[in-house]
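Data from final18.cif: mmCIF, C-alpha atoms
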data_entry
loop_
_atom_site.group_PDB
_atom_site.id
_atom_site.type_symbol
_atom_site.label_atom_id
_atom_site.label_comp_id
_atom_site.auth_asym_id
_atom_site.auth_seq_id
_atom_site.Cartn_x
_atom_site.Cartn_y
_atom_site.Cartn_z
ATOM 1 C CA MET A 1 -49.910 -12.982 0.077
ATOM 2 C CA ARG A 2 -47.613 -10.721 2.161
ATOM 3 C CA HIS A 3 -46.170 -13.709 4.008
ATOM 4 C CA ALA A 4 -45.341 -15.483 0.755
ATOM 5 C CA LEU A 5 -43.655 -12.356 -0.631
ATOM 6 C CA LEU A 6 -41.692 -11.869 2.589
ATOM 7 C CA ALA A 7 -40.626 -15.536 2.608
ATOM 8 C CA ALA A 8 -39.483 -15.279 -1.035
ATOM 9 C CA LEU A 9 -37.502 -12.119 -0.266
ATOM 10 C CA VAL A 10 -35.802 -13.719 2.756
ATOM 11 C CA ALA A 11 -34.972 -16.854 0.750
ATOM 12 C CA ALA A 12 -33.497 -14.772 -2.098
ATOM 13 C CA THR A 13 -31.364 -12.804 0.376
ATOM 14 C CA VAL A 14 -30.075 -15.969 2.046
ATOM 15 C CA LEU A 15 -29.281 -17.622 -1.279
ATOM 16 C CA ALA A 16 -27.474 -14.507 -2.539
ATOM 17 C CA GLY A 17 -25.128 -14.783 0.441
ATOM 18 C CA CYS A 18 -24.273 -18.394 -0.412
ATOM 19 C CA GLY A 19 -21.703 -18.028 -3.140
ATOM 20 C CA GLY A 20 -20.313 -21.527 -3.256
ATOM 21 C CA ASP A 21 -16.580 -21.980 -3.844
ATOM 22 C CA ASP A 22 -16.048 -19.003 -6.156
ATOM 23 C CA GLU A 23 -14.357 -15.868 -4.825
ATOM 24 C CA PRO A 24 -16.720 -12.917 -4.503
ATOM 25 C CA SER A 25 -16.264 -10.377 -7.278
ATOM 26 C CA GLY A 26 -13.664 -7.745 -6.447
ATOM 27 C CA SER A 27 -11.966 -9.818 -3.750
ATOM 28 C CA THR A 28 -8.351 -10.845 -3.690
ATOM 29 C CA PRO A 29 -7.674 -14.512 -3.019
ATOM 30 C CA ALA A 30 -5.595 -15.319 0.051
ATOM 31 C CA PRO A 31 -1.955 -16.196 -0.590
ATOM 32 C CA THR A 32 -1.392 -19.905 -1.103
ATOM 33 C CA THR A 33 2.041 -20.044 0.546
ATOM 34 C CA GLY A 34 2.437 -21.278 4.098
ATOM 35 C CA ALA A 35 3.972 -17.997 5.318
ATOM 36 C CA ALA A 36 1.746 -15.063 6.173
ATOM 37 C CA ALA A 37 2.250 -12.147 3.798
ATOM 38 C CA ALA A 38 3.452 -8.885 5.350
ATOM 39 C CA PRO A 39 1.024 -5.997 5.040
ATOM 40 C CA VAL A 40 1.790 -3.533 2.272
ATOM 41 C CA GLU A 41 1.557 0.165 2.965
ATOM 42 C CA THR A 42 1.283 2.473 -0.018
ATOM 43 C CA ILE A 43 2.809 5.894 -0.455
ATOM 44 C CA ASP A 44 1.459 7.376 -3.672
ATOM 45 C CA ILE A 45 3.290 9.902 -5.813
ATOM 46 C CA ASN A 46 0.731 12.198 -7.381
ATOM 47 C CA GLU A 47 1.077 15.738 -8.742
ATOM 48 C CA PHE A 48 4.644 16.010 -7.408
ATOM 49 C CA LYS A 49 3.601 15.130 -3.835
ATOM 50 C CA PHE A 50 3.899 12.094 -1.588
ATOM 51 C CA VAL A 51 0.427 11.026 -0.424
ATOM 52 C CA PRO A 52 0.309 10.747 2.527
ATOM 53 C CA GLU A 53 3.398 12.746 3.479
ATOM 54 C CA THR A 54 3.596 11.117 6.921
ATOM 55 C CA VAL A 55 3.302 7.328 7.290
ATOM 56 C CA THR A 56 3.751 4.868 10.173
ATOM 57 C CA VAL A 57 4.697 1.290 9.297
ATOM 58 C CA THR A 58 6.197 -1.795 10.909
ATOM 59 C CA ALA A 59 9.883 -2.709 10.548
ATOM 60 C CA GLY A 60 10.315 -5.181 7.686
ATOM 61 C CA GLN A 61 7.049 -4.154 6.030
ATOM 62 C CA LYS A 62 6.962 -3.794 2.244
ATOM 63 C CA ILE A 63 6.084 -0.277 1.095
ATOM 64 C CA SER A 64 4.628 0.112 -2.402
ATOM 65 C CA VAL A 65 5.241 3.432 -4.187
ATOM 66 C CA PRO A 66 3.073 3.933 -7.290
ATOM 67 C CA ASN A 67 4.011 6.966 -9.410
ATOM 68 C CA ALA A 68 0.873 8.494 -10.960
ATOM 69 C CA ASP A 69 2.873 11.305 -12.575
ATOM 70 C CA ALA A 70 4.492 11.186 -16.012
ATOM 71 C CA ALA A 71 7.802 12.393 -14.513
ATOM 72 C CA LEU A 72 10.466 10.114 -13.035
ATOM 73 C CA HIS A 73 10.593 10.141 -9.185
ATOM 74 C CA THR A 74 12.324 8.406 -6.274
ATOM 75 C CA LEU A 75 11.440 7.932 -2.630
ATOM 76 C CA THR A 76 14.797 8.142 -0.893
ATOM 77 C CA GLU A 77 15.678 8.429 2.787
ATOM 78 C CA GLN A 78 17.535 11.632 3.565
ATOM 79 C CA PRO A 79 20.285 10.219 5.806
ATOM 80 C CA GLN A 80 22.119 12.177 8.492
ATOM 81 C CA ALA A 81 25.291 10.278 7.568
ATOM 82 C CA GLY A 82 26.160 7.325 5.366
ATOM 83 C CA PRO A 83 24.018 5.703 2.700
ATOM 84 C CA PRO A 84 20.203 5.976 2.784
ATOM 85 C CA ALA A 85 18.328 3.356 4.835
ATOM 86 C CA PHE A 86 15.895 2.952 1.912
ATOM 87 C CA ASP A 87 15.620 4.079 -1.692
ATOM 88 C CA THR A 88 13.183 2.985 -4.382
ATOM 89 C CA GLY A 89 15.591 3.948 -7.134
ATOM 90 C CA ASN A 90 14.101 5.642 -10.192
ATOM 91 C CA ILE A 91 10.369 5.078 -10.649
ATOM 92 C CA ALA A 92 9.305 5.910 -14.199
ATOM 93 C CA GLY A 93 5.982 7.615 -14.810
ATOM 94 C CA LYS A 94 2.952 5.355 -14.319
ATOM 95 C CA GLN A 95 5.166 2.638 -12.752
ATOM 96 C CA THR A 96 5.493 1.359 -9.169
ATOM 97 C CA GLY A 97 8.564 1.012 -6.977
ATOM 98 C CA SER A 98 8.913 -0.446 -3.502
ATOM 99 C CA PHE A 99 11.218 -0.798 -0.514
ATOM 100 C CA ILE A 100 11.326 -2.616 2.820
ATOM 101 C CA ALA A 101 10.903 -0.515 5.974
ATOM 102 C CA PRO A 102 14.175 -0.427 7.933
ATOM 103 C CA LYS A 103 14.626 -0.769 11.715
ATOM 104 C CA ALA A 104 12.448 1.257 14.090
ATOM 105 C CA GLY A 105 12.978 5.007 13.975
ATOM 106 C CA THR A 106 11.832 8.176 12.244
ATOM 107 C CA TYR A 107 13.134 8.862 8.755
ATOM 108 C CA GLU A 108 12.812 11.914 6.526
ATOM 109 C CA TYR A 109 12.557 11.138 2.814
ATOM 110 C CA PHE A 110 12.509 13.063 -0.451
ATOM 111 C CA CYS A 111 12.521 12.684 -4.232
ATOM 112 C CA GLU A 112 16.061 12.975 -5.626
ATOM 113 C CA PRO A 113 15.075 14.701 -8.912
ATOM 114 C CA HIS A 114 12.556 16.974 -7.104
ATOM 115 C CA ALA A 115 14.033 17.803 -3.679
ATOM 116 C CA PHE A 116 10.977 19.900 -2.739
ATOM 117 C CA MET A 117 8.984 16.645 -2.495
ATOM 118 C CA LYS A 118 9.377 15.494 1.130
ATOM 119 C CA GLY A 119 7.808 13.187 3.677
ATOM 120 C CA LYS A 120 8.320 11.380 6.956
ATOM 121 C CA LEU A 121 8.300 7.632 7.655
ATOM 122 C CA THR A 122 7.939 6.396 11.234
ATOM 123 C CA VAL A 123 8.916 2.752 11.642
ATOM 124 C CA VAL A 124 7.818 0.825 14.731
ATOM 125 C CA ASP A 125 8.761 -2.674 15.908
ATOM 126 C CA SER A 126 6.203 -5.392 15.249
#

Represent the structure contained in this file as structure tokens.
Amino acid sequence: MRHALLAALVAATVLAGCGGDDEPSGSTPAPTTGAAAAPVETIDINEFKFVPETVTVTAGQKISVPNADAALHTLTEQPQAGPPAFDTGNIAGKQTGSFIAPKAGTYEYFCEPHAFMKGKLTVVDS
């Protein structure tokens, strides 16, 4: 009797792992384009803070910036001179902005409407 129960349990486990052609629940299908998608790093805005405050990404990488607050925010490079290397523009409450990581280097950033919100982005070559 124990052997039959064990065999049934093993068979059920093996069959559960065989899902056929359907995607497993909760998974994201792979992109269908021929080019590989660049990884997306996320910098969250939550309770008037950037989370995490310090991020390392690869040059050319897309950075997603979801704003969990109700207030409008930006994620803007604080340049030493000239225009910012990146700027999400205004991100309304409960919306998401994005930008592409610039060339390798270390960049300080802030929120234009709330200058006390600050962070640091380190960009490395791929």

Practice item. Evaluate the PyMOL selection byres ((chain A and resi 80) around 12) on the structure here and hand back the selected residues as a PyMOL selection string. Key: chain A and resi 77-79+81-85+106-109

Practice item. Using only C-alpha atoms, pick whichever of A:Gly119, A:Gly105, A:Gly93, A:Pro113 has the shortest atom-to-atom distance to A:Ala59. Key: A:Gly105

**Study point:** Using all atoms listed in the file: which of A:Ser98, A:Asn46, A:Val51, A:His114 has the shortest distance to A:Val65
**Key:** A:Ser98

Exactly which residues make up the result of the PyMOL selection byres ((chain A and resi 88) around 8) on this file, given as a PDB file with C-alpha atoms, keeping the file's coordinate frame?
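Wrote it out as expr-v8.pdb, contents follow:
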ATOM      1  CA  VAL A  65       5.241   3.432  -4.187  1.00  0.00           C
ATOM      2  CA  THR A  74      12.324   8.406  -6.274  1.00  0.00           C
ATOM      3  CA  LEU A  75      11.440   7.932  -2.630  1.00  0.00           C
ATOM      4  CA  THR A  76      14.797   8.142  -0.893  1.00  0.00           C
ATOM      5  CA  PHE A  86      15.895   2.952   1.912  1.00  0.00           C
ATOM      6  CA  ASP A  87      15.620   4.079  -1.692  1.00  0.00           C
ATOM      7  CA  GLY A  89      15.591   3.948  -7.134  1.00  0.00           C
ATOM      8  CA  ASN A  90      14.101   5.642 -10.192  1.00  0.00           C
ATOM      9  CA  ILE A  91      10.369   5.078 -10.649  1.00  0.00           C
ATOM     10  CA  GLY A  97       8.564   1.012  -6.977  1.00  0.00           C
ATOM     11  CA  SER A  98       8.913  -0.446  -3.502  1.00  0.00           C
ATOM     12  CA  PHE A  99      11.218  -0.798  -0.514  1.00  0.00           C
TER      13      PHE A  99
END

Point to revise | Answer key for the PyMOL selection byres ((chain A and resi 55) around 6), residues as a PyMOL selection string | key: chain A and resi 54+56+121

Review point. So which residues touch A:Ala92 within 8 Å, counting all atoms listed in the file, skipping near sequence neighbours fewer than 2 positions away, as a ChimeraX atom specification?
Key: /A:67,70-73,90,94-96

Please dump the current selection as an mmCIF file, keeping the file's coordinate frame; keep C-alpha atoms.
data_model
loop_
_atom_site.group_PDB
_atom_site.id
_atom_site.type_symbol
_atom_site.label_atom_id
_atom_site.label_comp_id
_atom_site.auth_asym_id
_atom_site.auth_seq_id
_atom_site.Cartn_x
_atom_site.Cartn_y
_atom_site.Cartn_z
ATOM 1 C CA ASN A 67 4.011 6.966 -9.410
ATOM 2 C CA ALA A 70 4.492 11.186 -16.012
ATOM 3 C CA ALA A 71 7.802 12.393 -14.513
ATOM 4 C CA LEU A 72 10.466 10.114 -13.035
ATOM 5 C CA HIS A 73 10.593 10.141 -9.185
ATOM 6 C CA ASN A 90 14.101 5.642 -10.192
ATOM 7 C CA LYS A 94 2.952 5.355 -14.319
ATOM 8 C CA GLN A 95 5.166 2.638 -12.752
ATOM 9 C CA THR A 96 5.493 1.359 -9.169
#

Revision key, fill the gap. For A:Phe110, the closest of A:Thr42, A:Thr122, A:Ala68, A:Phe48 counting only C-alpha atoms is A:Phe48

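For the pair atom CA of A:Ile63 and atom CA of A:Val123, the separation is 11.3 Å.
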
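Pairwise distance (atom CA of A:Val57, atom CA of A:Val40) equals 9.0 Å.
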
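Here atom CA of A:Ala115 and atom CA of A:Asp69 stand 15.7 Å from one another.
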
Produce stretch 27-122 of chain A of the given structure as output with C-alpha atoms, as a compact mmCIF listing (two decimals), in the first residue's frame.
# COMPACT_ATOMS: atom_id res chain seq x y z
CA SER A 27 5.23 34.63 -15.41
CA THR A 28 5.97 37.21 -18.05
CA PRO A 29 6.30 35.91 -21.60
CA ALA A 30 9.63 36.51 -23.31
CA PRO A 31 9.71 39.36 -25.83
CA THR A 32 8.87 38.25 -29.35
CA THR A 33 11.21 40.67 -31.13
CA GLY A 34 14.58 39.52 -32.42
CA ALA A 35 16.52 42.03 -30.28
CA ALA A 36 17.22 41.27 -26.64
CA ALA A 37 15.41 43.66 -24.31
CA ALA A 38 17.60 45.79 -22.04
CA PRO A 39 17.13 45.15 -18.34
CA VAL A 40 14.94 47.65 -16.53
CA GLU A 41 16.03 48.98 -13.18
CA THR A 42 13.38 50.59 -11.01
CA ILE A 43 13.74 53.58 -8.73
CA ASP A 44 10.52 53.95 -6.77
CA ILE A 45 9.19 57.23 -5.42
CA ASN A 46 7.39 56.52 -2.17
CA GLU A 47 6.61 58.81 0.77
CA PHE A 48 8.73 61.61 -0.71
CA LYS A 49 11.84 59.40 -0.99
CA PHE A 50 13.68 57.66 -3.81
CA VAL A 51 13.89 53.93 -3.09
CA PRO A 52 16.68 52.93 -3.29
CA GLU A 53 18.55 56.23 -3.02
CA THR A 54 21.71 54.76 -4.56
CA VAL A 55 21.52 52.66 -7.75
CA THR A 56 24.09 51.16 -10.14
CA VAL A 57 23.00 50.53 -13.73
CA THR A 58 24.49 49.96 -17.16
CA ALA A 59 24.86 52.76 -19.73
CA GLY A 60 21.87 52.72 -22.09
CA GLN A 61 19.67 50.85 -19.61
CA LYS A 62 16.04 51.92 -19.24
CA ILE A 63 15.18 53.10 -15.73
CA SER A 64 11.53 52.95 -14.67
CA VAL A 65 10.37 55.47 -12.04
CA PRO A 66 6.95 54.66 -10.55
CA ASN A 67 5.50 57.41 -8.33
CA ALA A 68 3.49 55.86 -5.47
CA ASP A 69 2.74 59.27 -3.96
CA ALA A 70 -0.23 61.48 -4.83
CA ALA A 71 2.11 64.45 -5.36
CA LEU A 72 3.85 65.28 -8.65
CA HIS A 73 7.60 64.40 -8.70
CA THR A 74 10.58 64.32 -11.07
CA LEU A 75 13.84 62.41 -11.08
CA THR A 76 16.30 64.90 -12.51
CA GLU A 77 20.09 64.83 -12.70
CA GLN A 78 21.67 67.69 -10.79
CA PRO A 79 24.27 68.78 -13.36
CA GLN A 80 27.52 70.55 -12.53
CA ALA A 81 27.10 72.60 -15.71
CA GLY A 82 24.79 72.54 -18.71
CA PRO A 83 21.53 70.66 -19.09
CA PRO A 84 20.79 67.53 -17.02
CA ALA A 85 22.01 64.20 -18.43
CA PHE A 86 18.59 62.71 -17.61
CA ASP A 87 15.19 63.93 -16.47
CA THR A 88 11.90 62.05 -16.25
CA GLY A 89 9.91 65.25 -16.54
CA ASN A 90 6.84 65.56 -14.33
CA ILE A 91 5.49 62.25 -13.03
CA ALA A 92 1.92 62.65 -11.77
CA GLY A 93 0.81 60.78 -8.68
CA LYS A 94 0.31 57.04 -9.21
CA GLN A 95 1.97 57.25 -12.66
CA THR A 96 5.34 56.01 -13.96
CA GLY A 97 8.11 57.89 -15.75
CA SER A 98 11.36 56.61 -17.21
CA PHE A 99 14.71 57.63 -18.64
CA ILE A 100 17.73 56.02 -20.30
CA ALA A 101 20.95 55.82 -18.27
CA PRO A 102 23.59 58.13 -19.77
CA LYS A 103 27.30 57.38 -20.31
CA ALA A 104 29.36 55.85 -17.50
CA GLY A 105 29.85 58.07 -14.46
CA THR A 106 28.33 59.01 -11.12
CA TYR A 107 25.34 61.33 -11.13
CA GLU A 108 23.50 63.04 -8.29
CA TYR A 109 19.76 63.43 -8.83
CA PHE A 110 16.84 65.12 -7.10
CA CYS A 111 13.14 65.93 -7.42
CA GLU A 112 12.63 69.43 -8.86
CA PRO A 113 9.45 70.24 -6.85
CA HIS A 114 10.92 68.69 -3.66
CA ALA A 115 14.67 69.44 -3.66
CA PHE A 116 15.16 67.58 -0.35
CA MET A 117 14.53 64.32 -2.26
CA LYS A 118 17.98 63.18 -3.47
CA GLY A 119 19.79 60.13 -4.75
CA LYS A 120 22.84 58.88 -6.60
CA LEU A 121 23.03 56.95 -9.88
CA THR A 122 26.25 55.14 -10.81
